>>> print(open('protein_21.txt').read())   # compact mmCIF, N, CA and C atoms
# COMPACT_ATOMS: atom_id res chain seq x y z
N MET H 1 32.80 -58.83 -112.15
CA MET H 1 31.82 -57.86 -112.61
C MET H 1 31.26 -57.10 -111.42
N LEU H 2 31.17 -55.79 -111.56
CA LEU H 2 30.62 -54.97 -110.50
C LEU H 2 29.10 -54.96 -110.60
N ASP H 3 28.44 -54.97 -109.45
CA ASP H 3 26.98 -54.97 -109.42
C ASP H 3 26.40 -53.58 -109.65
N GLU H 4 27.11 -52.58 -109.23
CA GLU H 4 26.57 -51.24 -109.23
C GLU H 4 27.16 -50.42 -110.38
N ALA H 5 26.27 -49.82 -111.16
CA ALA H 5 26.73 -48.96 -112.25
C ALA H 5 27.28 -47.67 -111.65
N PRO H 6 28.30 -47.10 -112.27
CA PRO H 6 28.83 -45.81 -111.80
C PRO H 6 27.76 -44.73 -111.83
N PHE H 7 27.85 -43.81 -110.88
CA PHE H 7 26.88 -42.72 -110.75
C PHE H 7 26.66 -41.99 -112.07
N GLY H 8 27.74 -41.60 -112.73
CA GLY H 8 27.62 -40.84 -113.98
C GLY H 8 26.84 -41.59 -115.05
N LEU H 9 27.07 -42.90 -115.16
CA LEU H 9 26.34 -43.67 -116.16
C LEU H 9 24.86 -43.77 -115.84
N VAL H 10 24.53 -43.93 -114.57
CA VAL H 10 23.12 -43.97 -114.18
C VAL H 10 22.45 -42.63 -114.48
N LEU H 11 23.14 -41.54 -114.17
CA LEU H 11 22.60 -40.21 -114.42
C LEU H 11 22.42 -39.96 -115.92
N ILE H 12 23.42 -40.29 -116.71
CA ILE H 12 23.36 -40.09 -118.16
C ILE H 12 22.25 -40.94 -118.77
N ASP H 13 22.16 -42.20 -118.36
CA ASP H 13 21.13 -43.08 -118.89
C ASP H 13 19.73 -42.60 -118.49
N SER H 14 19.59 -42.14 -117.25
CA SER H 14 18.30 -41.61 -116.80
C SER H 14 17.91 -40.37 -117.60
N ALA H 15 18.87 -39.49 -117.82
CA ALA H 15 18.60 -38.27 -118.60
C ALA H 15 18.20 -38.62 -120.03
N ARG H 16 18.87 -39.60 -120.62
CA ARG H 16 18.54 -40.02 -121.99
C ARG H 16 17.12 -40.56 -122.05
N LEU H 17 16.76 -41.40 -121.10
CA LEU H 17 15.41 -41.97 -121.08
C LEU H 17 14.34 -40.91 -120.82
N LEU H 18 14.63 -39.97 -119.94
CA LEU H 18 13.69 -38.89 -119.66
C LEU H 18 13.51 -38.00 -120.90
N ARG H 19 14.60 -37.71 -121.57
CA ARG H 19 14.50 -36.89 -122.78
C ARG H 19 13.67 -37.60 -123.85
N ALA H 20 13.88 -38.90 -124.01
CA ALA H 20 13.09 -39.66 -124.99
C ALA H 20 11.61 -39.64 -124.62
N ARG H 21 11.30 -39.73 -123.33
CA ARG H 21 9.90 -39.68 -122.87
C ARG H 21 9.31 -38.31 -123.18
N CYS H 22 10.06 -37.25 -122.92
CA CYS H 22 9.58 -35.89 -123.23
C CYS H 22 9.37 -35.72 -124.73
N ASP H 23 10.30 -36.24 -125.54
CA ASP H 23 10.17 -36.12 -126.98
C ASP H 23 8.90 -36.82 -127.47
N ARG H 24 8.62 -38.01 -126.96
CA ARG H 24 7.41 -38.73 -127.36
C ARG H 24 6.16 -37.98 -126.92
N ALA H 25 6.19 -37.41 -125.72
CA ALA H 25 5.03 -36.66 -125.22
C ALA H 25 4.79 -35.41 -126.04
N LEU H 26 5.85 -34.72 -126.46
CA LEU H 26 5.71 -33.54 -127.31
C LEU H 26 5.12 -33.93 -128.67
N ASP H 27 5.59 -35.04 -129.22
CA ASP H 27 5.03 -35.51 -130.49
C ASP H 27 3.54 -35.81 -130.33
N ALA H 28 3.18 -36.48 -129.25
CA ALA H 28 1.78 -36.85 -129.01
C ALA H 28 0.89 -35.62 -128.80
N ALA H 29 1.46 -34.55 -128.25
CA ALA H 29 0.68 -33.34 -127.97
C ALA H 29 0.30 -32.59 -129.25
N GLN H 30 0.96 -32.90 -130.35
CA GLN H 30 0.66 -32.30 -131.66
C GLN H 30 0.59 -30.77 -131.60
N LEU H 31 1.67 -30.18 -131.08
CA LEU H 31 1.75 -28.73 -130.97
C LEU H 31 2.32 -28.09 -132.24
N GLY H 32 2.72 -28.92 -133.19
CA GLY H 32 3.30 -28.38 -134.42
C GLY H 32 4.76 -28.04 -134.29
N LEU H 33 5.40 -28.54 -133.23
CA LEU H 33 6.83 -28.30 -132.99
C LEU H 33 7.54 -29.62 -132.83
N THR H 34 8.79 -29.66 -133.30
CA THR H 34 9.63 -30.80 -132.98
C THR H 34 10.10 -30.64 -131.53
N ALA H 35 10.65 -31.70 -130.98
CA ALA H 35 11.17 -31.62 -129.61
C ALA H 35 12.28 -30.57 -129.53
N GLY H 36 13.13 -30.51 -130.53
CA GLY H 36 14.21 -29.52 -130.54
C GLY H 36 13.67 -28.10 -130.58
N GLU H 37 12.65 -27.86 -131.38
CA GLU H 37 12.03 -26.54 -131.45
C GLU H 37 11.38 -26.17 -130.12
N ALA H 38 10.74 -27.14 -129.48
CA ALA H 38 10.11 -26.89 -128.18
C ALA H 38 11.17 -26.53 -127.14
N ARG H 39 12.28 -27.25 -127.15
CA ARG H 39 13.37 -26.93 -126.23
C ARG H 39 13.93 -25.55 -126.52
N ALA H 40 14.10 -25.22 -127.80
CA ALA H 40 14.62 -23.90 -128.17
C ALA H 40 13.67 -22.81 -127.68
N LEU H 41 12.38 -23.01 -127.84
CA LEU H 41 11.39 -22.03 -127.37
C LEU H 41 11.54 -21.81 -125.86
N PHE H 42 11.71 -22.90 -125.12
CA PHE H 42 11.90 -22.81 -123.67
C PHE H 42 13.16 -21.99 -123.35
N TYR H 43 14.27 -22.30 -124.02
CA TYR H 43 15.53 -21.61 -123.71
C TYR H 43 15.50 -20.14 -124.14
N VAL H 44 14.80 -19.83 -125.23
CA VAL H 44 14.65 -18.42 -125.62
C VAL H 44 13.90 -17.68 -124.53
N ASN H 45 12.88 -18.29 -123.98
CA ASN H 45 12.13 -17.66 -122.89
C ASN H 45 12.98 -17.53 -121.63
N ARG H 46 13.76 -18.54 -121.34
CA ARG H 46 14.58 -18.55 -120.12
C ARG H 46 15.73 -17.55 -120.20
N HIS H 47 16.23 -17.30 -121.40
CA HIS H 47 17.38 -16.41 -121.61
C HIS H 47 17.04 -15.36 -122.66
N PRO H 48 16.05 -14.50 -122.39
CA PRO H 48 15.62 -13.54 -123.41
C PRO H 48 16.73 -12.57 -123.79
N GLY H 49 16.81 -12.28 -125.09
CA GLY H 49 17.81 -11.34 -125.57
C GLY H 49 19.19 -11.93 -125.71
N SER H 50 19.32 -13.24 -125.56
CA SER H 50 20.63 -13.88 -125.72
C SER H 50 20.99 -14.01 -127.19
N ARG H 51 22.28 -14.06 -127.44
CA ARG H 51 22.76 -14.33 -128.79
C ARG H 51 22.50 -15.80 -129.12
N GLN H 52 22.41 -16.07 -130.42
CA GLN H 52 22.16 -17.44 -130.86
C GLN H 52 23.24 -18.40 -130.38
N ALA H 53 24.50 -17.98 -130.42
CA ALA H 53 25.60 -18.86 -129.98
C ALA H 53 25.46 -19.20 -128.50
N ALA H 54 25.05 -18.22 -127.70
CA ALA H 54 24.87 -18.48 -126.27
C ALA H 54 23.72 -19.46 -126.05
N LEU H 55 22.63 -19.28 -126.79
CA LEU H 55 21.50 -20.21 -126.66
C LEU H 55 21.92 -21.64 -127.02
N ALA H 56 22.72 -21.77 -128.08
CA ALA H 56 23.19 -23.10 -128.47
C ALA H 56 24.00 -23.73 -127.33
N ALA H 57 24.84 -22.93 -126.70
CA ALA H 57 25.64 -23.45 -125.57
C ALA H 57 24.74 -23.85 -124.41
N PHE H 58 23.74 -23.03 -124.09
CA PHE H 58 22.81 -23.38 -123.01
C PHE H 58 22.12 -24.71 -123.29
N MET H 59 21.76 -24.93 -124.56
CA MET H 59 21.03 -26.14 -124.94
C MET H 59 21.93 -27.34 -125.13
N GLY H 60 23.23 -27.11 -125.28
CA GLY H 60 24.15 -28.21 -125.53
C GLY H 60 24.03 -28.75 -126.95
N VAL H 61 23.76 -27.84 -127.91
CA VAL H 61 23.69 -28.24 -129.32
C VAL H 61 24.65 -27.38 -130.13
N GLU H 62 24.93 -27.83 -131.33
CA GLU H 62 25.76 -27.05 -132.23
C GLU H 62 24.99 -25.81 -132.69
N PRO H 63 25.68 -24.69 -132.91
CA PRO H 63 24.98 -23.48 -133.38
C PRO H 63 24.15 -23.70 -134.64
N MET H 64 24.65 -24.48 -135.59
CA MET H 64 23.88 -24.72 -136.82
C MET H 64 22.61 -25.51 -136.54
N THR H 65 22.63 -26.39 -135.57
CA THR H 65 21.42 -27.12 -135.19
C THR H 65 20.39 -26.14 -134.64
N LEU H 66 20.84 -25.26 -133.77
CA LEU H 66 19.92 -24.27 -133.19
C LEU H 66 19.37 -23.35 -134.27
N VAL H 67 20.18 -22.94 -135.22
CA VAL H 67 19.72 -22.05 -136.28
C VAL H 67 18.53 -22.67 -137.01
N GLY H 68 18.57 -23.97 -137.25
CA GLY H 68 17.45 -24.64 -137.89
C GLY H 68 16.17 -24.53 -137.06
N TYR H 69 16.31 -24.75 -135.76
CA TYR H 69 15.14 -24.61 -134.87
C TYR H 69 14.61 -23.17 -134.89
N LEU H 70 15.54 -22.22 -134.79
CA LEU H 70 15.14 -20.82 -134.75
C LEU H 70 14.53 -20.36 -136.07
N ASP H 71 15.06 -20.84 -137.19
CA ASP H 71 14.47 -20.50 -138.49
C ASP H 71 13.00 -20.89 -138.53
N ARG H 72 12.71 -22.10 -138.08
CA ARG H 72 11.32 -22.59 -138.11
C ARG H 72 10.46 -21.82 -137.12
N LEU H 73 10.97 -21.60 -135.90
CA LEU H 73 10.19 -20.85 -134.91
C LEU H 73 9.91 -19.43 -135.39
N GLU H 74 10.89 -18.83 -136.05
CA GLU H 74 10.70 -17.48 -136.59
C GLU H 74 9.64 -17.49 -137.71
N SER H 75 9.71 -18.50 -138.57
CA SER H 75 8.74 -18.57 -139.67
C SER H 75 7.32 -18.79 -139.16
N LEU H 76 7.19 -19.41 -138.00
CA LEU H 76 5.87 -19.62 -137.39
C LEU H 76 5.42 -18.43 -136.55
N GLY H 77 6.31 -17.44 -136.40
CA GLY H 77 5.97 -16.24 -135.65
C GLY H 77 6.11 -16.37 -134.14
N HIS H 78 6.90 -17.36 -133.68
CA HIS H 78 7.05 -17.59 -132.25
C HIS H 78 8.23 -16.87 -131.61
N ILE H 79 9.22 -16.51 -132.43
CA ILE H 79 10.39 -15.79 -131.90
C ILE H 79 10.70 -14.62 -132.80
N LEU H 80 11.49 -13.70 -132.26
CA LEU H 80 12.00 -12.56 -133.02
C LEU H 80 13.52 -12.56 -132.91
N ARG H 81 14.18 -12.35 -134.04
CA ARG H 81 15.62 -12.16 -134.07
C ARG H 81 15.87 -10.69 -134.36
N GLU H 82 16.78 -10.13 -133.59
CA GLU H 82 17.09 -8.70 -133.73
C GLU H 82 18.60 -8.51 -133.72
N PRO H 83 19.09 -7.49 -134.41
CA PRO H 83 20.53 -7.23 -134.37
C PRO H 83 20.97 -6.93 -132.93
N ASP H 84 22.11 -7.49 -132.57
CA ASP H 84 22.68 -7.20 -131.26
C ASP H 84 23.21 -5.77 -131.28
N PRO H 85 22.78 -4.93 -130.34
CA PRO H 85 23.23 -3.53 -130.36
C PRO H 85 24.74 -3.37 -130.16
N THR H 86 25.40 -4.38 -129.60
CA THR H 86 26.84 -4.28 -129.38
C THR H 86 27.67 -4.89 -130.50
N ASP H 87 27.00 -5.64 -131.42
CA ASP H 87 27.72 -6.29 -132.52
C ASP H 87 26.71 -6.55 -133.64
N ARG H 88 26.79 -5.73 -134.68
CA ARG H 88 25.80 -5.82 -135.77
C ARG H 88 25.82 -7.17 -136.48
N ARG H 89 26.92 -7.91 -136.38
CA ARG H 89 26.99 -9.23 -137.03
C ARG H 89 26.18 -10.28 -136.28
N ALA H 90 25.94 -10.06 -135.00
CA ALA H 90 25.26 -11.05 -134.16
C ALA H 90 23.77 -10.73 -134.06
N LYS H 91 23.00 -11.76 -133.77
CA LYS H 91 21.56 -11.62 -133.57
C LYS H 91 21.21 -12.05 -132.14
N THR H 92 20.27 -11.31 -131.56
CA THR H 92 19.70 -11.74 -130.29
C THR H 92 18.32 -12.31 -130.57
N VAL H 93 17.83 -13.10 -129.64
CA VAL H 93 16.56 -13.81 -129.85
C VAL H 93 15.67 -13.60 -128.63
N ARG H 94 14.40 -13.38 -128.90
CA ARG H 94 13.41 -13.30 -127.82
C ARG H 94 12.09 -13.85 -128.32
N LEU H 95 11.20 -14.15 -127.37
CA LEU H 95 9.87 -14.63 -127.74
C LEU H 95 9.10 -13.53 -128.45
N ALA H 96 8.31 -13.92 -129.42
CA ALA H 96 7.42 -12.98 -130.09
C ALA H 96 6.19 -12.77 -129.23
N PRO H 97 5.56 -11.61 -129.35
CA PRO H 97 4.30 -11.41 -128.65
C PRO H 97 3.32 -12.50 -129.09
N GLY H 98 2.64 -13.06 -128.15
CA GLY H 98 1.68 -14.10 -128.48
C GLY H 98 2.23 -15.52 -128.42
N ALA H 99 3.53 -15.69 -128.17
CA ALA H 99 4.11 -17.04 -128.11
C ALA H 99 3.90 -17.71 -126.75
N GLU H 100 3.50 -16.92 -125.75
CA GLU H 100 3.36 -17.47 -124.39
C GLU H 100 2.37 -18.63 -124.29
N PRO H 101 1.21 -18.58 -124.98
CA PRO H 101 0.29 -19.73 -124.87
C PRO H 101 0.92 -21.03 -125.37
N LEU H 102 1.69 -20.96 -126.46
CA LEU H 102 2.35 -22.17 -126.96
C LEU H 102 3.40 -22.64 -125.95
N LEU H 103 4.15 -21.71 -125.40
CA LEU H 103 5.15 -22.07 -124.39
C LEU H 103 4.47 -22.73 -123.20
N GLU H 104 3.33 -22.22 -122.78
CA GLU H 104 2.59 -22.84 -121.66
C GLU H 104 2.18 -24.27 -122.00
N GLN H 105 1.80 -24.51 -123.25
CA GLN H 105 1.44 -25.87 -123.65
C GLN H 105 2.67 -26.79 -123.60
N VAL H 106 3.80 -26.29 -124.04
CA VAL H 106 5.04 -27.07 -123.98
C VAL H 106 5.37 -27.39 -122.52
N LEU H 107 5.29 -26.39 -121.65
CA LEU H 107 5.59 -26.61 -120.24
C LEU H 107 4.60 -27.57 -119.60
N ALA H 108 3.35 -27.54 -120.04
CA ALA H 108 2.35 -28.48 -119.52
C ALA H 108 2.71 -29.91 -119.89
N VAL H 109 3.22 -30.10 -121.09
CA VAL H 109 3.67 -31.45 -121.50
C VAL H 109 4.79 -31.90 -120.58
N PHE H 110 5.77 -31.02 -120.33
CA PHE H 110 6.88 -31.38 -119.45
C PHE H 110 6.40 -31.68 -118.03
N ARG H 111 5.43 -30.91 -117.53
CA ARG H 111 4.88 -31.16 -116.19
C ARG H 111 4.20 -32.52 -116.12
N THR H 112 3.47 -32.86 -117.16
CA THR H 112 2.78 -34.15 -117.19
C THR H 112 3.78 -35.30 -117.17
N VAL H 113 4.84 -35.17 -117.95
CA VAL H 113 5.89 -36.20 -117.95
C VAL H 113 6.53 -36.29 -116.57
N ARG H 114 6.85 -35.14 -115.98
CA ARG H 114 7.47 -35.14 -114.65
C ARG H 114 6.58 -35.85 -113.64
N GLU H 115 5.30 -35.52 -113.64
CA GLU H 115 4.37 -36.14 -112.70
C GLU H 115 4.30 -37.64 -112.91
N SER H 116 4.34 -38.07 -114.16
CA SER H 116 4.28 -39.49 -114.48
C SER H 116 5.52 -40.24 -113.99
N VAL H 117 6.69 -39.71 -114.28
CA VAL H 117 7.91 -40.44 -113.93
C VAL H 117 8.25 -40.35 -112.44
N LEU H 118 7.68 -39.36 -111.76
CA LEU H 118 7.99 -39.19 -110.33
C LEU H 118 6.84 -39.61 -109.41
N GLU H 119 5.86 -40.33 -109.96
CA GLU H 119 4.69 -40.67 -109.16
C GLU H 119 5.03 -41.52 -107.94
N ASP H 120 6.14 -42.24 -107.97
CA ASP H 120 6.54 -43.08 -106.83
C ASP H 120 7.43 -42.34 -105.83
N PHE H 121 7.67 -41.06 -106.07
CA PHE H 121 8.52 -40.27 -105.19
C PHE H 121 7.67 -39.36 -104.32
N ALA H 122 8.03 -39.26 -103.06
CA ALA H 122 7.37 -38.29 -102.18
C ALA H 122 7.81 -36.89 -102.58
N PRO H 123 6.95 -35.89 -102.38
CA PRO H 123 7.32 -34.52 -102.77
C PRO H 123 8.64 -34.06 -102.16
N GLU H 124 8.89 -34.42 -100.91
CA GLU H 124 10.15 -33.99 -100.30
C GLU H 124 11.36 -34.70 -100.92
N GLU H 125 11.17 -35.94 -101.40
CA GLU H 125 12.26 -36.62 -102.10
C GLU H 125 12.58 -35.88 -103.40
N PHE H 126 11.55 -35.50 -104.13
CA PHE H 126 11.75 -34.76 -105.38
C PHE H 126 12.43 -33.43 -105.12
N ASP H 127 11.96 -32.69 -104.11
CA ASP H 127 12.56 -31.40 -103.79
C ASP H 127 14.05 -31.55 -103.45
N ARG H 128 14.38 -32.56 -102.66
CA ARG H 128 15.77 -32.80 -102.28
C ARG H 128 16.60 -33.18 -103.52
N PHE H 129 16.04 -34.05 -104.35
CA PHE H 129 16.72 -34.49 -105.56
C PHE H 129 16.98 -33.32 -106.50
N LYS H 130 15.99 -32.46 -106.68
CA LYS H 130 16.14 -31.30 -107.56
C LYS H 130 17.22 -30.36 -107.03
N CYS H 131 17.25 -30.15 -105.73
CA CYS H 131 18.30 -29.30 -105.13
C CYS H 131 19.68 -29.91 -105.35
N MET H 132 19.78 -31.21 -105.19
CA MET H 132 21.06 -31.88 -105.39
C MET H 132 21.50 -31.76 -106.85
N LEU H 133 20.58 -31.94 -107.78
CA LEU H 133 20.93 -31.80 -109.20
C LEU H 133 21.35 -30.38 -109.52
N ALA H 134 20.68 -29.40 -108.94
CA ALA H 134 21.05 -27.99 -109.16
C ALA H 134 22.46 -27.72 -108.64
N ARG H 135 22.79 -28.27 -107.48
CA ARG H 135 24.14 -28.11 -106.94
C ARG H 135 25.17 -28.80 -107.82
N LEU H 136 24.84 -29.99 -108.30
CA LEU H 136 25.75 -30.71 -109.19
C LEU H 136 25.98 -29.92 -110.48
N ARG H 137 24.91 -29.39 -111.06
CA ARG H 137 25.03 -28.59 -112.28
C ARG H 137 25.88 -27.36 -112.03
N ALA H 138 25.65 -26.67 -110.91
CA ALA H 138 26.44 -25.47 -110.59
C ALA H 138 27.92 -25.82 -110.46
N ARG H 139 28.20 -26.94 -109.82
CA ARG H 139 29.60 -27.36 -109.66
C ARG H 139 30.24 -27.66 -111.00
N LEU H 140 29.51 -28.39 -111.86
CA LEU H 140 30.05 -28.73 -113.17
C LEU H 140 30.25 -27.48 -114.03
N LEU H 141 29.32 -26.54 -113.96
CA LEU H 141 29.48 -25.29 -114.70
C LEU H 141 30.68 -24.50 -114.20
N ALA H 142 30.86 -24.45 -112.89
CA ALA H 142 32.01 -23.74 -112.33
C ALA H 142 33.31 -24.41 -112.74
N ASP H 143 33.34 -25.75 -112.70
CA ASP H 143 34.55 -26.47 -113.12
C ASP H 143 34.85 -26.21 -114.59
N GLU H 144 33.80 -26.20 -115.41
CA GLU H 144 33.99 -25.94 -116.85
C GLU H 144 34.52 -24.53 -117.06
N ARG H 145 33.94 -23.58 -116.37
CA ARG H 145 34.37 -22.17 -116.49
C ARG H 145 35.82 -22.01 -116.04
N ASP H 146 36.19 -22.74 -115.00
CA ASP H 146 37.54 -22.62 -114.45
C ASP H 146 38.55 -23.53 -115.13
N GLY H 147 38.09 -24.31 -116.11
CA GLY H 147 39.00 -25.18 -116.85
C GLY H 147 39.49 -26.37 -116.06
N VAL H 148 38.69 -26.83 -115.12
CA VAL H 148 39.08 -28.01 -114.32
C VAL H 148 39.02 -29.24 -115.20
N ALA H 149 40.12 -29.98 -115.26
CA ALA H 149 40.20 -31.19 -116.07
C ALA H 149 39.46 -32.34 -115.38
N PRO H 150 39.03 -33.31 -116.17
CA PRO H 150 38.32 -34.47 -115.58
C PRO H 150 39.19 -35.25 -114.61
>>> encode(input="protein_21.txt", output="structure tokens")
Amino acid sequence: MLDEAPFGLVLIDSARLLRARCDRALDAAQLGLTAGEARALFYVNRHPGSRQAALAAFMGVEPMTLVGYLDRLESLGHILREPDPTDRRAKTVRLAPGAEPLLEQVLAVFRTVRESVLEDFAPEEFDRFKCMLARLRARLLADERDGVAP
């Protein structure tokens, strides 16, 4: 038996646990959003004017899953769907005017979770770790784009 878990498994398990912590914190914040809707709101803000299919890919969810989140966010007045000027069949999505305060509350929940889980890390350790994760993500995205096999 090996003592050390493979890097990928540690990373995946850590991400799963962090996501569960964020989901519980969002529930406790009682913002009137599910964790999926809160994530969708964040991604709509991060990628304004994107098509729904692109947003689903950014989030790593199926398009139909995202549509459910967007339907609810639209009914609450937090997002706007508009016809894509280059393809009338497609819709683009952006934040509705006035959605920023709710987004700030969502981001505050994420900041609180981050501060809690990283309280034992020095700021420079966190900065280095975040840079390393960004490089890893960029590499994985490039490999995916270029069709690099596992």
>>> closest_residue(input="protein_21.txt", among="H:Pro63, H:Pro48, H:Gly8, H:Gly68", to="Gly36 (chain H)", atoms="only C-alpha atoms")
H:Gly68
>>> select_by_dssp(input="protein_21.txt", residues="chain H", states="helix (DSSP H, G or I)", output="PyMOL selection string")
chain H and resi 7-29+35-46+52-59+63-75+100-117+123-146
>>> atom_distance(input="protein_21.txt", atom1="CA of Leu55 (chain H)", atom2="atom C of Leu17 (chain H)")
22.7 Å
>>> residues_around(input="protein_21.txt", residues="Gly77 (chain H)", least_positions_apart="5", cutoff="10 Å", atoms="only C-alpha atoms", output="list in words")
Asp71, Arg72, Leu95, Ala96, Pro97, Gly98 and Ala99 of chain H
>>> atom_distance(input="protein_21.txt", atom1="CA of Arg21 (chain H)", atom2="CA of Glu119 (chain H)")
14.7 Å
>>> closest_residue(input="protein_21.txt", among="H:Ala20, H:Val93, H:Leu133, H:Leu9", to="Gly49 (chain H)", atoms="only N, CA and C atoms")
H:Val93
>>> select_by_dssp(input="protein_21.txt", residues="chain H", states="strand (DSSP E)", output="list of chain:residue names")
H:Ser50, H:Arg51, H:Ile79, H:Leu80, H:Arg81, H:Glu82, H:Pro83, H:Asp84, H:Asp87, H:Arg88, H:Arg89, H:Ala90, H:Lys91, H:Thr92, H:Val93, H:Arg94, H:Leu95
>>> residues_around(input="protein_21.txt", residues="region 57-59 of chain H", least_positions_apart="3", cutoff="8 Å", atoms="only C-alpha atoms", output="compact mmCIF listing (two decimals) with N, CA and C atoms, keeping the file's coordinate frame")
# COMPACT_ATOMS: atom_id res chain seq x y z
N ARG H 39 12.28 -27.25 -127.15
CA ARG H 39 13.37 -26.93 -126.23
C ARG H 39 13.93 -25.55 -126.52
N ALA H 40 14.10 -25.22 -127.80
CA ALA H 40 14.62 -23.90 -128.17
C ALA H 40 13.67 -22.81 -127.68
N TYR H 43 14.27 -22.30 -124.02
CA TYR H 43 15.53 -21.61 -123.71
C TYR H 43 15.50 -20.14 -124.14
N ALA H 53 24.50 -17.98 -130.42
CA ALA H 53 25.60 -18.86 -129.98
C ALA H 53 25.46 -19.20 -128.50
N ALA H 54 25.05 -18.22 -127.70
CA ALA H 54 24.87 -18.48 -126.27
C ALA H 54 23.72 -19.46 -126.05
N GLU H 62 24.93 -27.83 -131.33
CA GLU H 62 25.76 -27.05 -132.23
C GLU H 62 24.99 -25.81 -132.69
N PRO H 63 25.68 -24.69 -132.91
CA PRO H 63 24.98 -23.48 -133.38
C PRO H 63 24.15 -23.70 -134.64
>>> axis_aligned_box(input="protein_21.txt", around="region 120-132 of chain H", padding_each_side="5 Å", output="JSON")
{"center_x": 13.8, "center_y": -36.2, "center_z": -104.1, "size_x": 25.4, "size_y": 23.8, "size_z": 17.7}
>>> closest_residue(input="protein_21.txt", among="H:Leu141, H:Val109, H:Ile79, H:Val148", to="Asp27 (chain H)", atoms="only C-alpha atoms")
H:Val109
>>> residues_near_point(input="protein_21.txt", point="(5.6, -24.3, -128.5)", cutoff="8 Å", atoms="all atoms listed in the file", output="NGL selection string")
:H and (31-34 or 37-39 or 41-42 or 78 or 99-107)
>>> atom_distance(input="protein_21.txt", atom1="CA of Val117 (chain H)", atom2="CA of Arg137 (chain H)")
20.9 Å
>>> closest_residue(input="protein_21.txt", among="H:Gly147, H:Lys130, H:Phe110, H:Pro6", to="Ala25 (chain H)", atoms="all atoms listed in the file")
H:Phe110
>>> closest_residue(input="protein_21.txt", among="H:Cys22, H:His47, H:Arg145, H:Ser75", to="Ser116 (chain H)", atoms="only C-alpha atoms")
H:Cys22
>>> closest_residue(input="protein_21.txt", among="H:Ala138, H:Leu18, H:Ile12, H:Leu80", to="Glu115 (chain H)", atoms="only C-alpha atoms")
H:Leu18
